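Structure data follow from work.csv (CSV, C-alpha atoms):
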```csv
chain,number,residue,atom,x,y,z
A,1,MET,CA,0.0,0.0,0.0
A,2,ARG,CA,1.3,3.4,-0.9
A,3,GLY,CA,0.9,6.9,0.6
A,4,GLY,CA,2.1,9.0,3.5
A,5,GLY,CA,0.6,10.8,6.5
A,6,LEU,CA,-2.7,9.0,6.7
A,7,TRP,CA,-2.8,8.9,10.5
A,8,GLN,CA,-2.0,12.6,10.6
A,9,LEU,CA,-4.5,13.3,7.8
A,10,GLY,CA,-7.2,11.6,9.7
A,11,GLN,CA,-6.5,13.5,12.9
A,12,SER,CA,-6.6,16.7,10.9
A,13,ILE,CA,-10.0,15.9,9.6
A,14,THR,CA,-11.3,15.0,13.1
A,15,ARG,CA,-10.2,18.5,14.2
A,16,ASN,CA,-12.5,20.1,11.6
A,17,LEU,CA,-10.4,21.2,8.7
A,18,THR,CA,-10.1,24.8,7.7
A,19,HIS,CA,-10.4,25.7,4.0
A,20,ALA,CA,-6.6,26.1,3.8
A,21,ASP,CA,-6.1,22.7,5.4
A,22,LYS,CA,-8.3,21.1,2.7
A,23,LYS,CA,-6.3,22.7,0.0
A,24,THR,CA,-3.1,21.4,1.5
A,25,ILE,CA,-4.4,17.9,1.6
A,26,VAL,CA,-5.6,18.0,-2.0
A,27,ARG,CA,-2.1,19.2,-3.1
A,28,ARG,CA,-0.4,16.6,-1.0
A,29,CYS,CA,-2.4,13.7,-2.5
A,30,PHE,CA,-1.7,15.0,-6.0
A,31,ALA,CA,-5.3,15.2,-7.3
A,32,SER,CA,-8.2,17.6,-7.5
A,33,GLU,CA,-11.6,16.4,-6.6
A,34,ALA,CA,-12.8,16.5,-10.2
A,35,ASP,CA,-9.9,14.2,-11.3
A,36,LEU,CA,-10.5,11.5,-8.7
A,37,LYS,CA,-11.6,8.0,-9.5
A,38,LYS,CA,-14.3,6.4,-7.4
A,39,THR,CA,-14.8,2.8,-6.4
A,40,VAL,CA,-18.2,1.2,-6.9
A,41,LEU,CA,-18.7,1.5,-3.1
A,42,TYR,CA,-18.3,5.4,-3.1
A,43,ASP,CA,-22.0,6.1,-2.5
A,44,PHE,CA,-22.1,3.3,0.1
A,45,HIS,CA,-19.2,5.0,2.0
A,46,VAL,CA,-20.8,8.4,1.9
A,47,SER,CA,-24.2,7.0,3.1
A,48,HIS,CA,-22.4,5.4,6.1
A,49,GLY,CA,-20.6,8.6,7.1
A,50,GLY,CA,-17.3,8.1,5.3
A,51,LYS,CA,-15.1,11.1,5.2
A,52,MET,CA,-13.7,11.0,1.7
A,53,VAL,CA,-10.2,12.3,0.8
A,54,PRO,CA,-7.9,12.1,-2.3
A,55,PHE,CA,-5.6,9.1,-2.1
A,56,ALA,CA,-3.4,7.9,-5.0
A,57,GLY,CA,-5.9,9.4,-7.5
A,58,TRP,CA,-9.0,8.0,-5.9
A,59,SER,CA,-11.6,9.4,-3.5
A,60,MET,CA,-11.3,7.0,-0.5
A,61,PRO,CA,-12.7,7.0,3.0
A,62,ILE,CA,-10.1,8.0,5.6
A,63,GLN,CA,-12.6,7.2,8.4
A,64,TYR,CA,-16.3,6.9,9.2
A,65,LYS,CA,-18.2,8.0,12.3
A,66,ASP,CA,-15.8,6.2,14.6
A,67,SER,CA,-12.4,7.8,15.5
A,68,ILE,CA,-9.3,6.3,14.0
A,69,MET,CA,-8.3,5.2,17.5
A,70,ASP,CA,-11.7,3.4,18.1
A,71,SER,CA,-11.6,1.9,14.6
A,72,THR,CA,-8.1,0.5,15.1
A,73,ILE,CA,-9.1,-1.1,18.4
A,74,ASN,CA,-12.3,-2.5,17.0
A,75,CYS,CA,-10.4,-4.2,14.3
A,76,ARG,CA,-8.2,-6.0,16.8
A,77,GLU,CA,-11.1,-6.9,19.1
A,78,ASN,CA,-13.9,-7.6,16.6
A,79,GLY,CA,-13.3,-6.8,12.9
A,80,SER,CA,-13.0,-4.3,10.1
A,81,LEU,CA,-14.2,-4.1,6.5
A,82,PHE,CA,-12.0,-2.1,4.2
A,83,ASP,CA,-12.7,-1.1,0.6
A,84,VAL,CA,-9.3,-1.5,-1.2
A,85,SER,CA,-10.7,-1.5,-4.7
A,86,HIS,CA,-8.2,1.2,-5.6
A,87,MET,CA,-5.5,-1.5,-5.7
A,88,CYS,CA,-4.8,-3.3,-8.9
A,89,GLY,CA,-5.4,-7.0,-9.3
A,90,LEU,CA,-4.0,-8.8,-12.4
A,91,SER,CA,-3.5,-12.2,-13.7
A,92,LEU,CA,-0.6,-13.6,-15.8
A,93,LYS,CA,-1.4,-16.6,-17.8
A,94,GLY,CA,0.6,-19.0,-20.1
A,95,LYS,CA,3.1,-21.8,-19.6
A,96,ASP,CA,5.9,-19.3,-19.2
A,97,SER,CA,4.2,-17.0,-16.7
A,98,ILE,CA,6.3,-18.2,-13.8
A,99,PRO,CA,9.7,-17.8,-15.4
A,100,PHE,CA,8.6,-14.5,-16.8
A,101,LEU,CA,7.6,-13.1,-13.4
A,102,GLU,CA,10.7,-14.5,-11.7
A,103,LYS,CA,12.8,-12.1,-13.8
A,104,LEU,CA,11.0,-9.2,-12.1
A,105,VAL,CA,10.4,-10.3,-8.5
A,106,ILE,CA,12.5,-11.9,-5.7
A,107,ALA,CA,10.0,-14.7,-4.7
A,108,ASP,CA,10.5,-18.3,-5.5
A,109,VAL,CA,7.2,-18.4,-7.4
A,110,ALA,CA,7.9,-21.8,-8.9
A,111,GLY,CA,8.4,-23.3,-5.5
A,112,LEU,CA,4.9,-22.2,-4.3
A,113,ALA,CA,2.3,-24.9,-4.0
A,114,PRO,CA,-0.7,-24.3,-6.3
A,115,GLY,CA,-3.3,-22.1,-4.4
A,116,THR,CA,-0.7,-20.4,-2.2
A,117,GLY,CA,1.0,-17.1,-2.2
A,118,THR,CA,3.7,-14.9,-0.6
A,119,LEU,CA,4.8,-11.3,-0.2
A,120,THR,CA,7.3,-10.3,-2.9
A,121,VAL,CA,9.1,-7.2,-4.2
A,122,PHE,CA,9.5,-6.0,-7.8
A,123,THR,CA,13.1,-4.8,-8.1
A,124,ASN,CA,15.0,-2.6,-10.4
A,125,GLU,CA,18.5,-3.0,-12.0
A,126,LYS,CA,20.1,-1.3,-8.9
A,127,GLY,CA,18.5,-3.6,-6.5
A,128,GLY,CA,15.9,-1.0,-5.3
A,129,SER,CA,12.2,-1.7,-4.8
A,130,ILE,CA,9.7,-0.7,-7.5
A,131,ASP,CA,6.8,-2.0,-5.4
A,132,ASP,CA,5.8,-4.7,-3.0
A,133,SER,CA,3.0,-7.2,-3.9
A,134,VAL,CA,1.3,-10.3,-2.8
A,135,VAL,CA,1.8,-12.9,-5.6
A,136,THR,CA,-0.3,-16.1,-5.8
A,137,LYS,CA,0.4,-19.2,-7.8
A,138,VAL,CA,-3.1,-20.2,-8.8
A,139,THR,CA,-1.8,-23.0,-11.1
A,140,ASN,CA,1.4,-23.6,-12.9
A,141,ASP,CA,0.2,-21.4,-15.7
A,142,HIS,CA,-1.8,-18.8,-13.8
A,143,ILE,CA,-0.4,-16.2,-11.4
A,144,TYR,CA,-2.6,-13.7,-9.6
A,145,LEU,CA,-1.1,-10.6,-8.0
A,146,VAL,CA,-2.2,-7.3,-6.5
A,147,VAL,CA,-0.1,-4.1,-6.8
A,148,ASN,CA,-0.5,-0.8,-5.0
A,149,ALA,CA,-2.8,1.9,-6.3
A,150,GLY,CA,-0.1,4.6,-6.2
A,151,CYS,CA,2.3,2.4,-8.2
A,152,ARG,CA,-0.2,1.0,-10.7
A,153,ASP,CA,0.9,3.0,-13.7
A,154,LYS,CA,4.6,2.5,-13.3
A,155,ASP,CA,4.1,-1.2,-12.3
A,156,LEU,CA,2.0,-2.0,-15.3
A,157,ALA,CA,4.4,-0.1,-17.6
A,158,HIS,CA,7.3,-2.0,-16.1
A,159,ILE,CA,5.6,-5.4,-16.5
A,160,GLU,CA,4.4,-4.6,-20.1
A,161,GLU,CA,7.9,-3.5,-21.2
A,162,HIS,CA,9.4,-6.7,-20.0
A,163,MET,CA,6.5,-8.8,-21.3
A,164,LYS,CA,7.0,-7.5,-24.8
A,165,ALA,CA,10.7,-8.4,-24.8
A,166,PHE,CA,9.9,-11.8,-23.3
A,167,THR,CA,7.2,-12.7,-25.8
A,168,SER,CA,9.2,-11.4,-28.7
A,169,LYS,CA,11.6,-14.2,-28.0
A,170,GLY,CA,8.9,-16.8,-28.0
A,171,GLY,CA,7.8,-16.7,-24.4
A,172,ASP,CA,4.2,-17.7,-23.7
A,173,VAL,CA,2.7,-15.2,-21.2
A,174,SER,CA,-0.2,-12.8,-21.4
A,175,TRP,CA,-2.1,-10.7,-18.8
A,176,HIS,CA,-5.5,-9.6,-17.7
A,177,ILE,CA,-6.1,-6.6,-15.5
A,178,HIS,CA,-9.1,-7.1,-13.2
A,179,ASP,CA,-10.7,-3.7,-13.5
A,180,ASP,CA,-14.1,-5.5,-13.6
A,181,ARG,CA,-13.6,-6.6,-10.0
A,182,SER,CA,-13.6,-4.8,-6.6
A,183,LEU,CA,-11.4,-5.7,-3.6
A,184,LEU,CA,-12.6,-5.9,0.0
A,185,ALA,CA,-10.4,-6.7,3.0
A,186,LEU,CA,-12.2,-8.3,5.9
A,187,GLN,CA,-9.8,-8.3,9.0
A,188,GLY,CA,-10.0,-9.2,12.6
A,189,PRO,CA,-11.0,-12.1,14.9
A,190,LEU,CA,-14.5,-12.1,13.6
A,191,ALA,CA,-13.4,-12.3,9.9
A,192,ALA,CA,-13.6,-16.0,9.5
A,193,PRO,CA,-16.8,-16.7,11.5
A,194,VAL,CA,-18.6,-13.9,9.7
A,195,LEU,CA,-17.5,-14.9,6.3
A,196,GLN,CA,-18.3,-18.6,7.0
A,197,HIS,CA,-22.0,-17.6,7.0
A,198,LEU,CA,-21.7,-16.5,3.3
A,199,THR,CA,-19.9,-19.5,1.8
A,200,LYS,CA,-20.0,-23.3,1.8
A,201,GLU,CA,-16.2,-23.5,1.7
A,202,ASP,CA,-14.8,-24.8,5.0
A,203,LEU,CA,-12.7,-21.7,6.0
A,204,SER,CA,-11.0,-23.6,8.8
A,205,LYS,CA,-9.0,-25.4,6.1
A,206,VAL,CA,-7.9,-22.2,4.4
A,207,TYR,CA,-4.7,-21.0,5.9
A,208,PHE,CA,-2.6,-17.8,5.8
A,209,SER,CA,-1.6,-17.0,2.2
A,210,ASP,CA,-3.9,-19.6,0.8
A,211,PHE,CA,-6.0,-18.7,-2.3
A,212,LYS,CA,-9.3,-20.1,-3.5
A,213,VAL,CA,-11.8,-19.4,-6.2
A,214,ILE,CA,-15.1,-19.9,-4.4
A,215,ASP,CA,-18.7,-18.8,-4.2
A,216,ILE,CA,-19.3,-16.1,-1.6
A,217,ASN,CA,-22.8,-14.6,-1.1
A,218,GLY,CA,-23.8,-15.9,-4.6
A,219,SER,CA,-20.9,-14.6,-6.7
A,220,THR,CA,-17.6,-16.1,-7.8
A,221,CYS,CA,-14.8,-14.6,-5.7
A,222,TYR,CA,-11.0,-14.8,-5.5
A,223,LEU,CA,-10.4,-15.4,-1.8
A,224,THR,CA,-6.9,-14.9,-0.2
A,225,ARG,CA,-6.3,-15.4,3.5
A,226,THR,CA,-4.1,-12.3,3.9
A,227,GLY,CA,-4.2,-8.7,4.9
A,228,TYR,CA,-2.4,-5.5,6.0
A,229,THR,CA,-3.3,-5.3,9.7
A,230,GLY,CA,-1.5,-8.2,11.4
A,231,GLU,CA,-4.8,-9.8,12.2
A,232,ASP,CA,-6.3,-12.9,10.7
A,233,GLY,CA,-8.5,-12.0,7.7
A,234,PHE,CA,-9.2,-12.2,4.0
A,235,GLU,CA,-8.9,-10.1,0.8
A,236,ILE,CA,-11.9,-10.8,-1.4
A,237,SER,CA,-11.9,-10.0,-5.1
A,238,VAL,CA,-15.6,-9.8,-6.1
A,239,PRO,CA,-17.2,-8.8,-9.4
A,240,SER,CA,-17.9,-5.1,-9.1
A,241,GLU,CA,-21.6,-5.5,-9.6
A,242,HIS,CA,-21.8,-7.6,-6.5
A,243,ALA,CA,-19.4,-5.6,-4.3
A,244,VAL,CA,-22.0,-3.5,-2.4
A,245,ASP,CA,-24.2,-6.5,-1.7
A,246,LEU,CA,-21.3,-8.4,-0.3
A,247,ALA,CA,-20.3,-5.5,1.9
A,248,LYS,CA,-23.8,-5.2,3.2
A,249,ALA,CA,-24.0,-9.0,3.8
A,250,ILE,CA,-20.7,-9.0,5.8
A,251,LEU,CA,-21.8,-6.1,8.0
A,252,ASP,CA,-25.2,-7.7,8.5
A,253,LYS,CA,-23.9,-11.2,9.4
A,254,SER,CA,-21.5,-9.6,12.0
A,255,GLU,CA,-24.4,-8.0,13.8
A,256,ASN,CA,-22.6,-4.7,13.4
A,257,LYS,CA,-19.5,-5.8,15.3
A,258,VAL,CA,-17.5,-5.7,12.1
A,259,ARG,CA,-17.4,-2.0,11.1
A,260,LEU,CA,-16.5,-0.2,8.0
A,261,THR,CA,-13.0,1.2,8.4
A,262,GLY,CA,-11.0,3.8,6.5
A,263,LEU,CA,-7.4,4.3,5.4
A,264,GLY,CA,-6.5,6.1,8.7
A,265,ALA,CA,-7.0,3.1,10.9
A,266,ARG,CA,-5.5,0.9,8.1
A,267,ASP,CA,-2.3,2.9,8.4
A,268,SER,CA,-2.1,2.6,12.2
A,269,LEU,CA,-2.9,-1.1,12.1
A,270,ARG,CA,-0.2,-1.8,9.6
A,271,LEU,CA,2.3,0.3,11.6
A,272,GLU,CA,1.5,-1.6,14.7
A,273,ALA,CA,2.1,-4.8,12.7
A,274,GLY,CA,5.5,-3.5,11.5
A,275,LEU,CA,4.4,-3.7,7.8
A,276,CYS,CA,6.0,-1.5,5.1
A,277,LEU,CA,4.1,1.3,3.4
A,278,TYR,CA,5.5,1.8,-0.1
A,279,GLY,CA,6.4,5.4,-0.7
A,280,ASN,CA,7.4,5.8,3.0
A,281,ASP,CA,9.2,2.7,4.2
A,282,MET,CA,10.2,1.3,0.8
A,283,GLU,CA,11.4,3.3,-2.2
A,284,GLN,CA,13.2,2.9,-5.5
A,285,HIS,CA,16.5,3.3,-3.7
A,286,ILE,CA,15.8,0.9,-0.8
A,287,SER,CA,16.6,-2.8,-1.4
A,288,PRO,CA,14.5,-5.7,0.1
A,289,VAL,CA,17.5,-6.6,2.3
A,290,GLU,CA,17.7,-3.1,3.7
A,291,ALA,CA,13.9,-3.1,4.3
A,292,GLY,CA,14.2,-6.3,6.4
A,293,LEU,CA,12.5,-8.5,3.7
A,294,THR,CA,15.4,-10.9,3.1
A,295,TRP,CA,13.1,-13.7,4.2
A,296,ALA,CA,11.0,-13.1,1.1
A,297,ILE,CA,14.0,-14.0,-1.2
A,298,GLY,CA,13.6,-17.8,-1.7
A,299,LYS,CA,16.6,-20.1,-1.1
A,300,ARG,CA,16.6,-21.1,-4.8
A,301,ARG,CA,16.6,-17.4,-5.8
A,302,ARG,CA,19.5,-16.6,-3.5
A,303,ALA,CA,21.5,-19.4,-5.2
A,304,GLU,CA,20.4,-18.7,-8.8
A,305,GLY,CA,19.6,-15.0,-8.9
A,306,GLY,CA,18.0,-14.2,-12.2
A,307,PHE,CA,15.9,-11.2,-11.1
A,308,LEU,CA,16.6,-7.5,-11.7
A,309,GLY,CA,19.3,-6.2,-9.3
A,310,ALA,CA,20.2,-9.7,-8.1
A,311,GLU,CA,23.9,-8.9,-8.0
A,312,VAL,CA,23.5,-6.0,-5.6
A,313,ILE,CA,20.9,-7.8,-3.5
A,314,LEU,CA,22.8,-11.1,-3.1
A,315,LYS,CA,26.0,-9.1,-2.2
A,316,GLN,CA,24.0,-7.4,0.6
A,317,ILE,CA,22.8,-10.7,1.9
A,318,GLU,CA,26.4,-12.0,2.0
A,319,GLU,CA,28.1,-8.9,3.4
A,320,GLY,CA,25.3,-7.1,5.2
A,321,PRO,CA,23.5,-3.9,4.1
A,322,SER,CA,24.8,-0.5,5.1
A,323,ILE,CA,21.4,0.5,6.6
A,324,ARG,CA,18.5,-1.4,8.1
A,325,ARG,CA,14.8,-0.8,8.8
A,326,VAL,CA,14.0,-1.0,12.5
A,327,GLY,CA,11.2,-0.1,14.9
A,328,PHE,CA,11.3,2.5,17.6
A,329,ILE,CA,9.5,3.5,20.8
A,330,SER,CA,9.8,7.2,21.6
A,331,SER,CA,8.9,9.9,24.1
A,332,GLY,CA,7.4,13.3,23.4
A,333,PRO,CA,5.2,13.9,20.4
A,334,PRO,CA,4.9,11.0,17.8
A,335,ALA,CA,7.7,10.8,15.3
A,336,ARG,CA,6.8,11.5,11.7
A,337,SER,CA,8.2,10.6,8.3
A,338,HIS,CA,11.6,12.3,7.7
A,339,SER,CA,12.3,13.0,11.5
A,340,GLU,CA,16.0,12.7,12.0
A,341,ILE,CA,17.4,9.9,14.1
A,342,GLN,CA,20.6,10.7,16.1
A,343,ASP,CA,22.8,8.7,18.4
A,344,GLU,CA,23.3,9.7,22.0
A,345,LYS,CA,26.1,12.1,21.0
A,346,GLY,CA,23.8,13.9,18.5
A,347,GLN,CA,25.3,12.4,15.4
A,348,ASN,CA,22.9,11.6,12.5
A,349,ILE,CA,22.4,7.9,12.1
A,350,GLY,CA,19.2,7.7,10.1
A,351,GLU,CA,15.6,8.8,9.4
A,352,ILE,CA,12.1,7.9,10.5
A,353,THR,CA,9.9,6.7,7.6
A,354,SER,CA,6.6,6.1,9.4
A,355,GLY,CA,5.4,7.0,12.9
A,356,GLY,CA,2.3,7.7,15.0
A,357,PHE,CA,0.6,7.0,18.3
A,358,SER,CA,-0.4,3.4,18.7
A,359,PRO,CA,-4.1,3.1,19.7
A,360,CYS,CA,-3.5,-0.4,21.0
A,361,LEU,CA,-0.3,0.1,22.9
A,362,LYS,CA,-1.1,3.7,24.0
A,363,LYS,CA,2.5,4.9,23.2
A,364,ASN,CA,4.5,6.3,20.3
A,365,ILE,CA,5.8,3.9,17.7
A,366,ALA,CA,7.7,4.4,14.5
A,367,MET,CA,9.9,2.7,12.0
A,368,GLY,CA,12.9,4.0,10.0
A,369,TYR,CA,16.4,3.3,8.8
A,370,VAL,CA,19.6,3.4,10.8
A,371,LYS,CA,23.2,2.6,10.0
A,372,SER,CA,24.1,-1.1,10.4
A,373,GLY,CA,25.6,-1.8,13.8
A,374,LEU,CA,23.1,0.6,15.5
A,375,HIS,CA,20.1,-1.5,14.6
A,376,LYS,CA,20.0,-3.9,17.6
A,377,ALA,CA,17.0,-3.8,19.9
A,378,GLY,CA,17.6,-1.7,23.0
A,379,THR,CA,19.9,0.8,21.2
A,380,LYS,CA,19.3,4.3,22.7
A,381,VAL,CA,18.6,7.1,20.1
A,382,LYS,CA,17.4,10.7,19.9
A,383,ILE,CA,14.6,11.5,17.5
A,384,VAL,CA,14.4,15.1,16.4
A,385,ILE,CA,10.8,16.5,16.0
A,386,ARG,CA,10.3,20.2,15.1
A,387,GLY,CA,13.9,21.0,16.1
A,388,LYS,CA,13.8,19.3,19.6
A,389,SER,CA,15.3,16.0,20.5
A,390,TYR,CA,13.3,13.3,22.3
A,391,ASP,CA,14.5,10.0,23.8
A,392,GLY,CA,13.8,6.8,21.9
A,393,SER,CA,15.0,3.2,21.6
A,394,VAL,CA,15.2,0.6,18.8
A,395,THR,CA,12.7,-2.2,19.3
A,396,LYS,CA,11.7,-5.4,17.6
A,397,MET,CA,8.7,-5.5,15.3
A,398,PRO,CA,5.9,-6.2,15.1
A,399,PHE,CA,4.9,-3.9,17.9
A,400,VAL,CA,1.6,-5.8,18.3
A,401,PRO,CA,1.8,-9.6,17.9
A,402,THR,CA,0.4,-10.9,14.6
A,403,LYS,CA,-2.5,-13.4,14.6
A,404,TYR,CA,-2.2,-15.0,11.2
A,405,TYR,CA,-4.1,-18.3,10.8
A,406,LYS,CA,-1.6,-21.0,10.3
A,407,PRO,CA,-1.6,-24.8,10.7
A,408,SER,CA,-0.9,-25.8,14.3
```

Before anything else, please render the file you have as structure tokens.
Amino acid sequence: MRGGGLWQLGQSITRNLTHADKKTIVRRCFASEADLKKTVLYDFHVSHGGKMVPFAGWSMPIQYKDSIMDSTINCRENGSLFDVSHMCGLSLKGKDSIPFLEKLVIADVAGLAPGTGTLTVFTNEKGGSIDDSVVTKVTNDHIYLVVNAGCRDKDLAHIEEHMKAFTSKGGDVSWHIHDDRSLLALQGPLAAPVLQHLTKEDLSKVYFSDFKVIDINGSTCYLTRTGYTGEDGFEISVPSEHAVDLAKAILDKSENKVRLTGLGARDSLRLEAGLCLYGNDMEQHISPVEAGLTWAIGKRRRAEGGFLGAEVILKQIEEGPSIRRVGFISSGPPARSHSEIQDEKGQNIGEITSGGFSPCLKKNIAMGYVKSGLHKAGTKVKIVIRGKSYDGSVTKMPFVPTKYYKPS
């Protein structure tokens, strides 16, 4: 997911925006209201009190009637339903779809069992990150993946450029972009019991990262047991003409314990879970190794390489990166993106990339990059916020334990 300052943006809205504030937000999100795209759930959001803001070229709900704090806690205690239809789902098909994709990402796609997926990263020639994505091996000749809304245009151009070169040499791969489908994320402890009311599929046998094409509420859906909150949950790709009905059914079956939730709480939830936000915590110049995603590079891929930037990335694995992404607990006001990180002598050692007040932990949390050697948990730091230094310390992530549903 891409974008910055959602937590801050939500708090600004809660404090009743001035006209000048609204102009600033529109500029920050790079779109005017007339230019914004709308998901098929737009009117549904507005009718339920959604506060709509520009985000990655879309008009999206940052929150509803609940505060961001309350929405975050409710997701962890009960459940949340997010509209993430601004994200881009696509399928690659053909007998060479796996070798094609493996030229562009770090995952061992070939090694995935059919119907399972993993987090991966599209890399560039310098080993930097173009985008992160969840990639699923549906079958040996069908790959399903979802890319971030803010990266859609560059991702699709990148894939298309390489696909043309690949097919010109006889490679068998084609693609379909699922603009005819919407994407809902159902997250939290009630996600599985609520969704079970709407499908005959036994969800107790669908584990974290599993993928199924099943009937949900009378329509054919792509179901992935995944999410962006650290909680158990699902992402559901549904034909757009059935998206509103599915959203209504989920809320109804939960007896209103699952609540519509906006991008503001989604940001605080992913931060508590220690998950990267592309555009903040990952960028074109940050490698997967520096971002703490070495685990996503399959053993075979480490041995063989074969993806863009492999030489740089494999050297970092062998020798260690010069910077590392770590978590922080801090005093004073919450740290924000671009806050300077100093050692105890006042020397610059890095920069915050995401930060905010944790609704669940009731304290400031953040993540950022520091020089290797200063990345160990317990390392004391100073974080500079509006010209003043505050005490902080490096801590392990996730900040809130994850609850992914895995085989016991």

Anything within 10 Å of (15.8, -1.4, -7.2): list those residues as a short mmCIF file (atom, residue, chain, number, x, y, z; two decimals) with C-alpha atoms, keeping the file's coordinate frame, counting all atoms listed in the file and sticking to the file's coordinates.
```cif
data_model
loop_
_atom_site.label_atom_id
_atom_site.label_comp_id
_atom_site.auth_asym_id
_atom_site.auth_seq_id
_atom_site.Cartn_x
_atom_site.Cartn_y
_atom_site.Cartn_z
CA VAL A 121 9.10 -7.20 -4.20
CA PHE A 122 9.50 -6.00 -7.80
CA THR A 123 13.10 -4.80 -8.10
CA ASN A 124 15.00 -2.60 -10.40
CA GLU A 125 18.50 -3.00 -12.00
CA LYS A 126 20.10 -1.30 -8.90
CA GLY A 127 18.50 -3.60 -6.50
CA GLY A 128 15.90 -1.00 -5.30
CA SER A 129 12.20 -1.70 -4.80
CA ILE A 130 9.70 -0.70 -7.50
CA ASP A 131 6.80 -2.00 -5.40
CA GLU A 283 11.40 3.30 -2.20
CA GLN A 284 13.20 2.90 -5.50
CA HIS A 285 16.50 3.30 -3.70
CA ILE A 286 15.80 0.90 -0.80
CA SER A 287 16.60 -2.80 -1.40
CA PRO A 288 14.50 -5.70 0.10
CA LEU A 308 16.60 -7.50 -11.70
CA GLY A 309 19.30 -6.20 -9.30
CA ALA A 310 20.20 -9.70 -8.10
CA VAL A 312 23.50 -6.00 -5.60
CA ILE A 313 20.90 -7.80 -3.50
#
```

May I ask which of the residues A:Val53, A:Ile98, A:Thr167, A:Ser354 is the closest one to Asp267 in chain A, counting all atoms listed in the file?
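Selected residue with least distance to Asp267 in chain A: A:Ser354.
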
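The spacing separating CA of Gly50 in chain A from CA of Lys38 in chain A amounts to 13.2 Å.
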
Find the residues around range 90-97 of chain A up to 9 Å (only C-alpha atoms counted), leave out those fewer than 6 positions away in its own chain, and share them as a PyMOL selection string.
chain A and resi 140-147+171-179

Which range 188-283 of chain A residues have any atom within 10 Å of an atom of range 75-83 of chain A, and for each, what is the nearest pair of atoms with distance in Å to one decimal, counting all atoms listed in the file, rows sorted by chain and number, as a tab-separated table?
```
residue	atom	partner	partner_atom	distance
A:Gly188	CA	A:Gly79	CA	4.1
A:Pro189	CA	A:Asn78	CA	5.6
A:Leu190	CA	A:Asn78	CA	5.4
A:Ala191	CA	A:Gly79	CA	6.3
A:Ala192	CA	A:Gly79	CA	9.8
A:Val194	CA	A:Gly79	CA	9.4
A:Thr229	CA	A:Cys75	CA	8.5
A:Gly230	CA	A:Arg76	CA	8.9
A:Glu231	CA	A:Arg76	CA	6.9
A:Asp232	CA	A:Arg76	CA	9.4
A:Gly233	CA	A:Gly79	CA	8.8
A:Phe234	CA	A:Leu81	CA	9.8
A:Glu235	CA	A:Phe82	CA	9.2
A:Ile236	CA	A:Asp83	CA	9.9
A:Ala243	CA	A:Asp83	CA	9.4
A:Ala247	CA	A:Leu81	CA	7.8
A:Ile250	CA	A:Leu81	CA	8.2
A:Leu251	CA	A:Leu81	CA	8.0
A:Ser254	CA	A:Gly79	CA	8.7
A:Asn256	CA	A:Gly79	CA	9.5
A:Lys257	CA	A:Asn78	CA	6.0
A:Val258	CA	A:Gly79	CA	4.4
A:Arg259	CA	A:Ser80	CA	5.1
A:Leu260	CA	A:Leu81	CA	4.8
A:Thr261	CA	A:Phe82	CA	5.4
A:Gly262	CA	A:Phe82	CA	6.4
A:Leu263	CA	A:Phe82	CA	8.0
A:Ala265	CA	A:Cys75	CA	8.7
A:Arg266	CA	A:Phe82	CA	8.2
A:Leu269	CA	A:Cys75	CA	8.4
```

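With CA of Asp281 in chain A on one side and CA of Ala377 in chain A on the other, the separation reads 18.7 Å.
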
Would you work out the distance separating CA of Arg386 in chain A from CA of Gln342 in chain A, expressed in Å to one decimal?
14.0 Å

Smallest atom-to-atom distance to Ser331 in chain A: which of A:Phe357, A:Phe100, A:Tyr42, A:Tyr404, using only C-alpha atoms?
A:Phe357

Should you be able to, write range 114-120 of chain A of this structure into a file that contains N, CA, C and O atoms, as a compact mmCIF listing (two decimals), in the first residue's frame.
```txt
# COMPACT_ATOMS: atom_id res chain seq x y z
N PRO A 114 0.46 -24.87 -5.65
CA PRO A 114 -0.71 -24.26 -6.28
C PRO A 114 -1.74 -23.85 -5.22
O PRO A 114 -2.00 -24.59 -4.26
N GLY A 115 -2.29 -22.64 -5.38
CA GLY A 115 -3.26 -22.14 -4.42
C GLY A 115 -2.64 -21.49 -3.20
O GLY A 115 -3.31 -21.31 -2.18
N THR A 116 -1.36 -21.14 -3.28
CA THR A 116 -0.71 -20.43 -2.18
C THR A 116 0.05 -19.22 -2.72
O THR A 116 0.36 -19.15 -3.90
N GLY A 117 0.34 -18.28 -1.82
CA GLY A 117 1.02 -17.06 -2.23
C GLY A 117 2.02 -16.59 -1.22
O GLY A 117 2.24 -17.22 -0.18
N THR A 118 2.65 -15.45 -1.53
CA THR A 118 3.66 -14.89 -0.65
C THR A 118 3.84 -13.41 -0.95
O THR A 118 3.50 -12.94 -2.04
N LEU A 119 4.37 -12.68 0.00
CA LEU A 119 4.77 -11.30 -0.25
C LEU A 119 6.01 -11.30 -1.12
O LEU A 119 6.90 -12.15 -0.96
N THR A 120 6.08 -10.38 -2.07
CA THR A 120 7.28 -10.26 -2.88
C THR A 120 7.55 -8.80 -3.17
O THR A 120 6.78 -7.91 -2.79
```
